[in-house]
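Q: For reference, the file coords.cif (mmCIF, N, CA and C atoms) is included below:
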```
data_start
#
loop_
_atom_site.label_atom_id
_atom_site.label_comp_id
_atom_site.auth_asym_id
_atom_site.auth_seq_id
_atom_site.Cartn_x
_atom_site.Cartn_y
_atom_site.Cartn_z
N MET A 260 -82.87 -41.10 64.25
CA MET A 260 -82.13 -41.98 63.38
C MET A 260 -83.03 -43.14 62.99
N LEU A 261 -82.99 -43.48 61.71
CA LEU A 261 -83.78 -44.59 61.20
C LEU A 261 -82.84 -45.74 60.86
N VAL A 262 -83.14 -46.91 61.39
CA VAL A 262 -82.33 -48.09 61.13
C VAL A 262 -83.20 -49.09 60.38
N ARG A 263 -82.64 -49.64 59.29
CA ARG A 263 -83.32 -50.69 58.55
C ARG A 263 -82.58 -51.99 58.78
N VAL A 264 -83.34 -53.03 59.09
CA VAL A 264 -82.75 -54.35 59.34
C VAL A 264 -83.37 -55.33 58.35
N PHE A 265 -82.51 -56.05 57.64
CA PHE A 265 -82.93 -57.07 56.69
C PHE A 265 -82.51 -58.42 57.27
N VAL A 266 -83.47 -59.30 57.49
CA VAL A 266 -83.20 -60.62 58.07
C VAL A 266 -83.52 -61.67 57.01
N THR A 267 -82.56 -62.56 56.75
CA THR A 267 -82.76 -63.63 55.79
C THR A 267 -82.26 -64.95 56.37
N LEU A 268 -82.80 -66.03 55.85
CA LEU A 268 -82.31 -67.34 56.27
C LEU A 268 -80.88 -67.54 55.78
N LYS A 269 -80.08 -68.21 56.57
CA LYS A 269 -78.71 -68.50 56.15
C LYS A 269 -78.73 -69.44 54.95
N GLN A 270 -77.67 -69.34 54.14
CA GLN A 270 -77.54 -70.26 53.02
C GLN A 270 -77.53 -71.69 53.56
N GLY A 271 -78.21 -72.57 52.88
CA GLY A 271 -78.26 -73.96 53.30
C GLY A 271 -79.45 -74.30 54.20
N VAL A 272 -80.11 -73.28 54.75
CA VAL A 272 -81.30 -73.51 55.58
C VAL A 272 -82.50 -73.59 54.64
N LEU A 273 -83.27 -74.65 54.76
CA LEU A 273 -84.44 -74.83 53.91
C LEU A 273 -85.45 -73.71 54.13
N ASP A 274 -86.07 -73.26 53.06
CA ASP A 274 -87.04 -72.18 53.09
C ASP A 274 -88.33 -72.66 52.44
N PRO A 275 -89.18 -73.37 53.19
CA PRO A 275 -90.40 -73.92 52.60
C PRO A 275 -91.33 -72.84 52.06
N GLN A 276 -91.39 -71.69 52.71
CA GLN A 276 -92.25 -70.61 52.23
C GLN A 276 -91.73 -70.09 50.88
N GLY A 277 -90.43 -69.94 50.77
CA GLY A 277 -89.83 -69.52 49.50
C GLY A 277 -90.06 -70.53 48.40
N GLU A 278 -89.93 -71.82 48.73
CA GLU A 278 -90.16 -72.87 47.74
C GLU A 278 -91.60 -72.87 47.25
N THR A 279 -92.54 -72.65 48.16
CA THR A 279 -93.95 -72.58 47.79
C THR A 279 -94.22 -71.39 46.87
N LEU A 280 -93.63 -70.24 47.20
CA LEU A 280 -93.81 -69.07 46.35
C LEU A 280 -93.21 -69.27 44.97
N ALA A 281 -92.03 -69.88 44.90
CA ALA A 281 -91.39 -70.13 43.61
C ALA A 281 -92.26 -71.05 42.76
N ALA A 282 -92.79 -72.11 43.37
CA ALA A 282 -93.65 -73.04 42.63
C ALA A 282 -94.93 -72.34 42.16
N SER A 283 -95.50 -71.50 43.00
CA SER A 283 -96.72 -70.78 42.63
C SER A 283 -96.47 -69.81 41.49
N LEU A 284 -95.33 -69.11 41.54
CA LEU A 284 -94.99 -68.19 40.45
C LEU A 284 -94.81 -68.95 39.14
N ASN A 285 -94.17 -70.11 39.21
CA ASN A 285 -94.01 -70.94 38.00
C ASN A 285 -95.38 -71.35 37.45
N GLN A 286 -96.30 -71.73 38.33
CA GLN A 286 -97.63 -72.15 37.90
C GLN A 286 -98.40 -70.99 37.27
N LEU A 287 -98.08 -69.77 37.68
CA LEU A 287 -98.74 -68.59 37.12
C LEU A 287 -98.09 -68.13 35.81
N GLY A 288 -97.11 -68.90 35.35
CA GLY A 288 -96.49 -68.58 34.08
C GLY A 288 -95.18 -67.81 34.16
N PHE A 289 -94.68 -67.59 35.35
CA PHE A 289 -93.41 -66.89 35.52
C PHE A 289 -92.29 -67.93 35.56
N ASP A 290 -92.02 -68.52 34.39
CA ASP A 290 -91.07 -69.62 34.29
C ASP A 290 -89.63 -69.19 34.57
N GLU A 291 -89.35 -67.90 34.50
CA GLU A 291 -87.99 -67.43 34.74
C GLU A 291 -87.59 -67.49 36.22
N VAL A 292 -88.57 -67.70 37.11
CA VAL A 292 -88.28 -67.77 38.55
C VAL A 292 -87.70 -69.14 38.87
N SER A 293 -86.47 -69.15 39.36
CA SER A 293 -85.83 -70.43 39.71
C SER A 293 -85.70 -70.61 41.22
N GLY A 294 -85.97 -69.57 41.99
CA GLY A 294 -85.91 -69.69 43.44
C GLY A 294 -86.36 -68.42 44.12
N VAL A 295 -86.88 -68.57 45.32
CA VAL A 295 -87.33 -67.44 46.13
C VAL A 295 -86.86 -67.70 47.56
N ARG A 296 -86.33 -66.67 48.21
CA ARG A 296 -85.98 -66.74 49.63
C ARG A 296 -86.82 -65.68 50.34
N VAL A 297 -87.44 -66.04 51.43
CA VAL A 297 -88.31 -65.14 52.17
C VAL A 297 -87.55 -64.65 53.41
N GLY A 298 -87.72 -63.37 53.71
CA GLY A 298 -87.06 -62.80 54.88
C GLY A 298 -87.95 -61.77 55.55
N LYS A 299 -87.35 -60.99 56.43
CA LYS A 299 -88.07 -59.94 57.16
C LYS A 299 -87.36 -58.61 56.92
N TYR A 300 -88.15 -57.54 56.90
CA TYR A 300 -87.64 -56.19 56.78
C TYR A 300 -88.21 -55.40 57.94
N LEU A 301 -87.35 -54.75 58.71
CA LEU A 301 -87.80 -53.98 59.86
C LEU A 301 -87.24 -52.57 59.77
N GLU A 302 -88.04 -51.58 60.17
CA GLU A 302 -87.58 -50.21 60.32
C GLU A 302 -87.70 -49.85 61.79
N ILE A 303 -86.62 -49.35 62.35
CA ILE A 303 -86.58 -49.00 63.76
C ILE A 303 -86.19 -47.53 63.88
N GLU A 304 -87.00 -46.76 64.56
CA GLU A 304 -86.67 -45.36 64.81
C GLU A 304 -86.03 -45.27 66.18
N LEU A 305 -84.87 -44.64 66.22
CA LEU A 305 -84.12 -44.49 67.46
C LEU A 305 -83.98 -43.01 67.80
N ALA A 306 -84.10 -42.70 69.08
CA ALA A 306 -83.94 -41.33 69.54
C ALA A 306 -82.46 -40.99 69.66
N GLY A 307 -82.05 -39.90 69.03
CA GLY A 307 -80.68 -39.45 69.16
C GLY A 307 -79.69 -40.37 68.45
N GLU A 308 -78.43 -40.12 68.69
CA GLU A 308 -77.36 -40.94 68.11
C GLU A 308 -77.22 -42.21 68.94
N GLN A 309 -77.15 -43.32 68.26
CA GLN A 309 -77.03 -44.60 68.96
C GLN A 309 -75.78 -45.32 68.48
N GLU A 310 -75.21 -46.07 69.37
CA GLU A 310 -74.07 -46.91 69.03
C GLU A 310 -74.57 -48.13 68.26
N MET A 311 -73.91 -48.45 67.17
CA MET A 311 -74.36 -49.58 66.34
C MET A 311 -74.29 -50.90 67.09
N GLY A 312 -73.47 -50.98 68.12
CA GLY A 312 -73.43 -52.20 68.94
C GLY A 312 -74.77 -52.47 69.61
N ARG A 313 -75.49 -51.42 69.93
CA ARG A 313 -76.82 -51.59 70.55
C ARG A 313 -77.81 -52.18 69.54
N VAL A 314 -77.76 -51.71 68.30
CA VAL A 314 -78.65 -52.24 67.27
C VAL A 314 -78.28 -53.68 66.97
N ASP A 315 -77.00 -53.97 66.92
CA ASP A 315 -76.55 -55.34 66.70
C ASP A 315 -77.06 -56.25 67.82
N ALA A 316 -77.03 -55.77 69.05
CA ALA A 316 -77.53 -56.55 70.19
C ALA A 316 -79.03 -56.81 70.06
N MET A 317 -79.77 -55.81 69.57
CA MET A 317 -81.22 -56.00 69.34
C MET A 317 -81.46 -57.14 68.36
N CYS A 318 -80.65 -57.15 67.31
CA CYS A 318 -80.80 -58.20 66.29
C CYS A 318 -80.45 -59.57 66.87
N ARG A 319 -79.33 -59.66 67.56
CA ARG A 319 -78.90 -60.96 68.10
C ARG A 319 -79.84 -61.48 69.17
N ARG A 320 -80.42 -60.58 69.97
CA ARG A 320 -81.23 -61.03 71.11
C ARG A 320 -82.71 -61.21 70.79
N LEU A 321 -83.23 -60.52 69.76
CA LEU A 321 -84.67 -60.60 69.53
C LEU A 321 -85.07 -60.63 68.06
N LEU A 322 -84.50 -59.80 67.24
CA LEU A 322 -85.01 -59.60 65.89
C LEU A 322 -84.64 -60.72 64.92
N ALA A 323 -83.54 -61.41 65.16
CA ALA A 323 -83.10 -62.49 64.28
C ALA A 323 -82.68 -63.68 65.13
N ASN A 324 -82.79 -64.85 64.55
CA ASN A 324 -82.30 -66.07 65.20
C ASN A 324 -80.92 -66.35 64.60
N PRO A 325 -79.85 -66.03 65.33
CA PRO A 325 -78.51 -66.15 64.76
C PRO A 325 -78.11 -67.58 64.36
N VAL A 326 -78.83 -68.56 64.83
CA VAL A 326 -78.54 -69.94 64.44
C VAL A 326 -79.01 -70.19 63.00
N LEU A 327 -80.16 -69.62 62.63
CA LEU A 327 -80.77 -69.88 61.33
C LEU A 327 -80.73 -68.69 60.37
N GLU A 328 -80.55 -67.49 60.90
CA GLU A 328 -80.72 -66.29 60.08
C GLU A 328 -79.48 -65.39 60.10
N ASP A 329 -79.31 -64.70 58.99
CA ASP A 329 -78.33 -63.62 58.89
C ASP A 329 -79.10 -62.31 58.91
N TYR A 330 -78.42 -61.22 59.26
CA TYR A 330 -79.07 -59.91 59.21
C TYR A 330 -78.08 -58.87 58.74
N ARG A 331 -78.64 -57.82 58.15
CA ARG A 331 -77.86 -56.69 57.65
C ARG A 331 -78.51 -55.42 58.16
N ILE A 332 -77.70 -54.48 58.63
CA ILE A 332 -78.19 -53.24 59.21
C ILE A 332 -77.79 -52.08 58.30
N GLU A 333 -78.76 -51.21 58.00
CA GLU A 333 -78.49 -49.97 57.28
C GLU A 333 -78.99 -48.81 58.14
N VAL A 334 -78.22 -47.73 58.17
CA VAL A 334 -78.59 -46.56 58.97
C VAL A 334 -78.86 -45.39 58.05
N GLN A 335 -79.97 -44.70 58.32
CA GLN A 335 -80.29 -43.48 57.58
C GLN A 335 -80.45 -42.36 58.60
N GLU A 336 -79.61 -41.38 58.51
CA GLU A 336 -79.72 -40.21 59.38
C GLU A 336 -80.95 -39.41 58.95
N GLN A 337 -81.68 -38.90 59.92
CA GLN A 337 -82.89 -38.13 59.60
C GLN A 337 -82.62 -36.65 59.73
#
```
I need this file expressed as structure tokens, please.

A:
Amino acid sequence: MLVRVFVTLKQGVLDPQGETLAASLNQLGFDEVSGVRVGKYLEIELAGEQEMGRVDAMCRRLLANPVLEDYRIEVQEQ
């Protein structure tokens, strides 16, 4: 089983890396860019069928900081 995890900063949390990228894109002539948010994308291969509660626990305990970040889990059966 392949699990994809998307981690992003919560709304309202400052994203200095995203702000820098947005400013750089504007300087390169991409004036249509009004904002950028930076996050993480992870692919996790799991052996056999797994309970989604286990993947959620992985995210809460290690992969994301629940105080500052949100995460979304997608499952792809192989």

Q: Let's see if you can do this: from backbone DSSP, list all alpha helix (DSSP H) residues in chain A, as a ChimeraX atom specification.

A: /A:275-286,311-317

Q: Would you kindly translate the PyMOL selection byres (((chain A and resi 274-281 and name CA) around 6) and name CA) into the concrete residues it picks from this file, as a list of chain:residue names?

A: A:Leu273, A:Ala282, A:Ser283, A:Leu284, A:Gly294, A:Val295, A:Arg296, A:Val297

Q: As a compact mmCIF listing (two decimals) with N, CA and C atoms, in the coordinates of the input, list the residues of chain A assigned to strand (DSSP E or B) by DSSP on the backbone atoms of this structure.

A:
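Once everything was written out, this is selection_11.txt:
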```
# COMPACT_ATOMS: atom_id res chain seq x y z
N LEU A 261 -82.99 -43.48 61.71
CA LEU A 261 -83.78 -44.59 61.20
C LEU A 261 -82.84 -45.74 60.86
N VAL A 262 -83.14 -46.91 61.39
CA VAL A 262 -82.33 -48.09 61.13
C VAL A 262 -83.20 -49.09 60.38
N ARG A 263 -82.64 -49.64 59.29
CA ARG A 263 -83.32 -50.69 58.55
C ARG A 263 -82.58 -51.99 58.78
N VAL A 264 -83.34 -53.03 59.09
CA VAL A 264 -82.75 -54.35 59.34
C VAL A 264 -83.37 -55.33 58.35
N PHE A 265 -82.51 -56.05 57.64
CA PHE A 265 -82.93 -57.07 56.69
C PHE A 265 -82.51 -58.42 57.27
N VAL A 266 -83.47 -59.30 57.49
CA VAL A 266 -83.20 -60.62 58.07
C VAL A 266 -83.52 -61.67 57.01
N THR A 267 -82.56 -62.56 56.75
CA THR A 267 -82.76 -63.63 55.79
C THR A 267 -82.26 -64.95 56.37
N LEU A 268 -82.80 -66.03 55.85
CA LEU A 268 -82.31 -67.34 56.27
C LEU A 268 -80.88 -67.54 55.78
N GLY A 298 -87.72 -63.37 53.71
CA GLY A 298 -87.06 -62.80 54.88
C GLY A 298 -87.95 -61.77 55.55
N LYS A 299 -87.35 -60.99 56.43
CA LYS A 299 -88.07 -59.94 57.16
C LYS A 299 -87.36 -58.61 56.92
N TYR A 300 -88.15 -57.54 56.90
CA TYR A 300 -87.64 -56.19 56.78
C TYR A 300 -88.21 -55.40 57.94
N LEU A 301 -87.35 -54.75 58.71
CA LEU A 301 -87.80 -53.98 59.86
C LEU A 301 -87.24 -52.57 59.77
N GLU A 302 -88.04 -51.58 60.17
CA GLU A 302 -87.58 -50.21 60.32
C GLU A 302 -87.70 -49.85 61.79
N ILE A 303 -86.62 -49.35 62.35
CA ILE A 303 -86.58 -49.00 63.76
C ILE A 303 -86.19 -47.53 63.88
N GLU A 304 -87.00 -46.76 64.56
CA GLU A 304 -86.67 -45.36 64.81
C GLU A 304 -86.03 -45.27 66.18
N GLU A 328 -80.55 -67.49 60.90
CA GLU A 328 -80.72 -66.29 60.08
C GLU A 328 -79.48 -65.39 60.10
N ASP A 329 -79.31 -64.70 58.99
CA ASP A 329 -78.33 -63.62 58.89
C ASP A 329 -79.10 -62.31 58.91
N TYR A 330 -78.42 -61.22 59.26
CA TYR A 330 -79.07 -59.91 59.21
C TYR A 330 -78.08 -58.87 58.74
N ARG A 331 -78.64 -57.82 58.15
CA ARG A 331 -77.86 -56.69 57.65
C ARG A 331 -78.51 -55.42 58.16
N ILE A 332 -77.70 -54.48 58.63
CA ILE A 332 -78.19 -53.24 59.21
C ILE A 332 -77.79 -52.08 58.30
N GLU A 333 -78.76 -51.21 58.00
CA GLU A 333 -78.49 -49.97 57.28
C GLU A 333 -78.99 -48.81 58.14
N VAL A 334 -78.22 -47.73 58.17
CA VAL A 334 -78.59 -46.56 58.97
C VAL A 334 -78.86 -45.39 58.05
N GLN A 335 -79.97 -44.70 58.32
CA GLN A 335 -80.29 -43.48 57.58
C GLN A 335 -80.45 -42.36 58.60
```

Q: Take the PyMOL selection byres (((chain A and resi 304 and name CA) around 6) and name CA), run it mentally on this structure, and tell me the resulting residues as an MDAnalysis selection string.

A: chainID A and resid 260:261 303 305

Q: Mind checking which residues fall within 6 Å of Leu327 (chain A), counting only N, CA and C atoms, ignoring those fewer than 4 positions away in the same chain, and posting them as a list in words?

A: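 Returned residues: Thr267, Leu268 and Lys269 of chain A.
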
Q: How many Å lie between CA of Val272 (chain A) and atom C of Glu310 (chain A), rounded to one decimal?

A: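 So the two atoms, CA of Val272 (chain A) and atom C of Glu310 (chain A), lie 29.2 Å apart.
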
Q: Given the choices A:Gln309, A:Phe265, A:Val292, A:Gln270, which gets closest to Glu336 (chain A) if the distance is worked out from only C-alpha atoms?

A: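 Nearest candidate to Glu336 (chain A) out of A:Gln309, A:Phe265, A:Val292, A:Gln270: A:Gln309.
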
Q: Find the distance between atom C of Pro325 (chain A) and CA of Gly271 (chain A) and write it in Å to one decimal.

A: 12.8 Å

Q: Atom N of Leu322 (chain A) and atom C of Val266 (chain A), how far apart in Å?

A: 10.4 Å

Q: Within 5 Å of region 300-302 of chain A, counting only N, CA and C atoms, which residues show up once you throw out same-chain ones fewer than 3 positions away? Write them as an MDAnalysis selection string, please.

A: chainID A and resid 262:265

Q: Smallest atom-to-atom distance to Cys318 (chain A): which of A:Gln335, A:Ala306, A:Gly288, A:Lys299, using only C-alpha atoms?

A: A:Lys299

Q: With 3 Å of padding per side, what axis-aligned box (centre and edge lengths, Å, one decimal) covers all the listed atoms of region 302-321 of chain A? Give it as AutoDock Vina command-line options.

A:
```
--center_x -80.7 --center_y -50.5 --center_z 65.6 --size_x 20.6 --size_y 28.0 --size_z 16.9
```
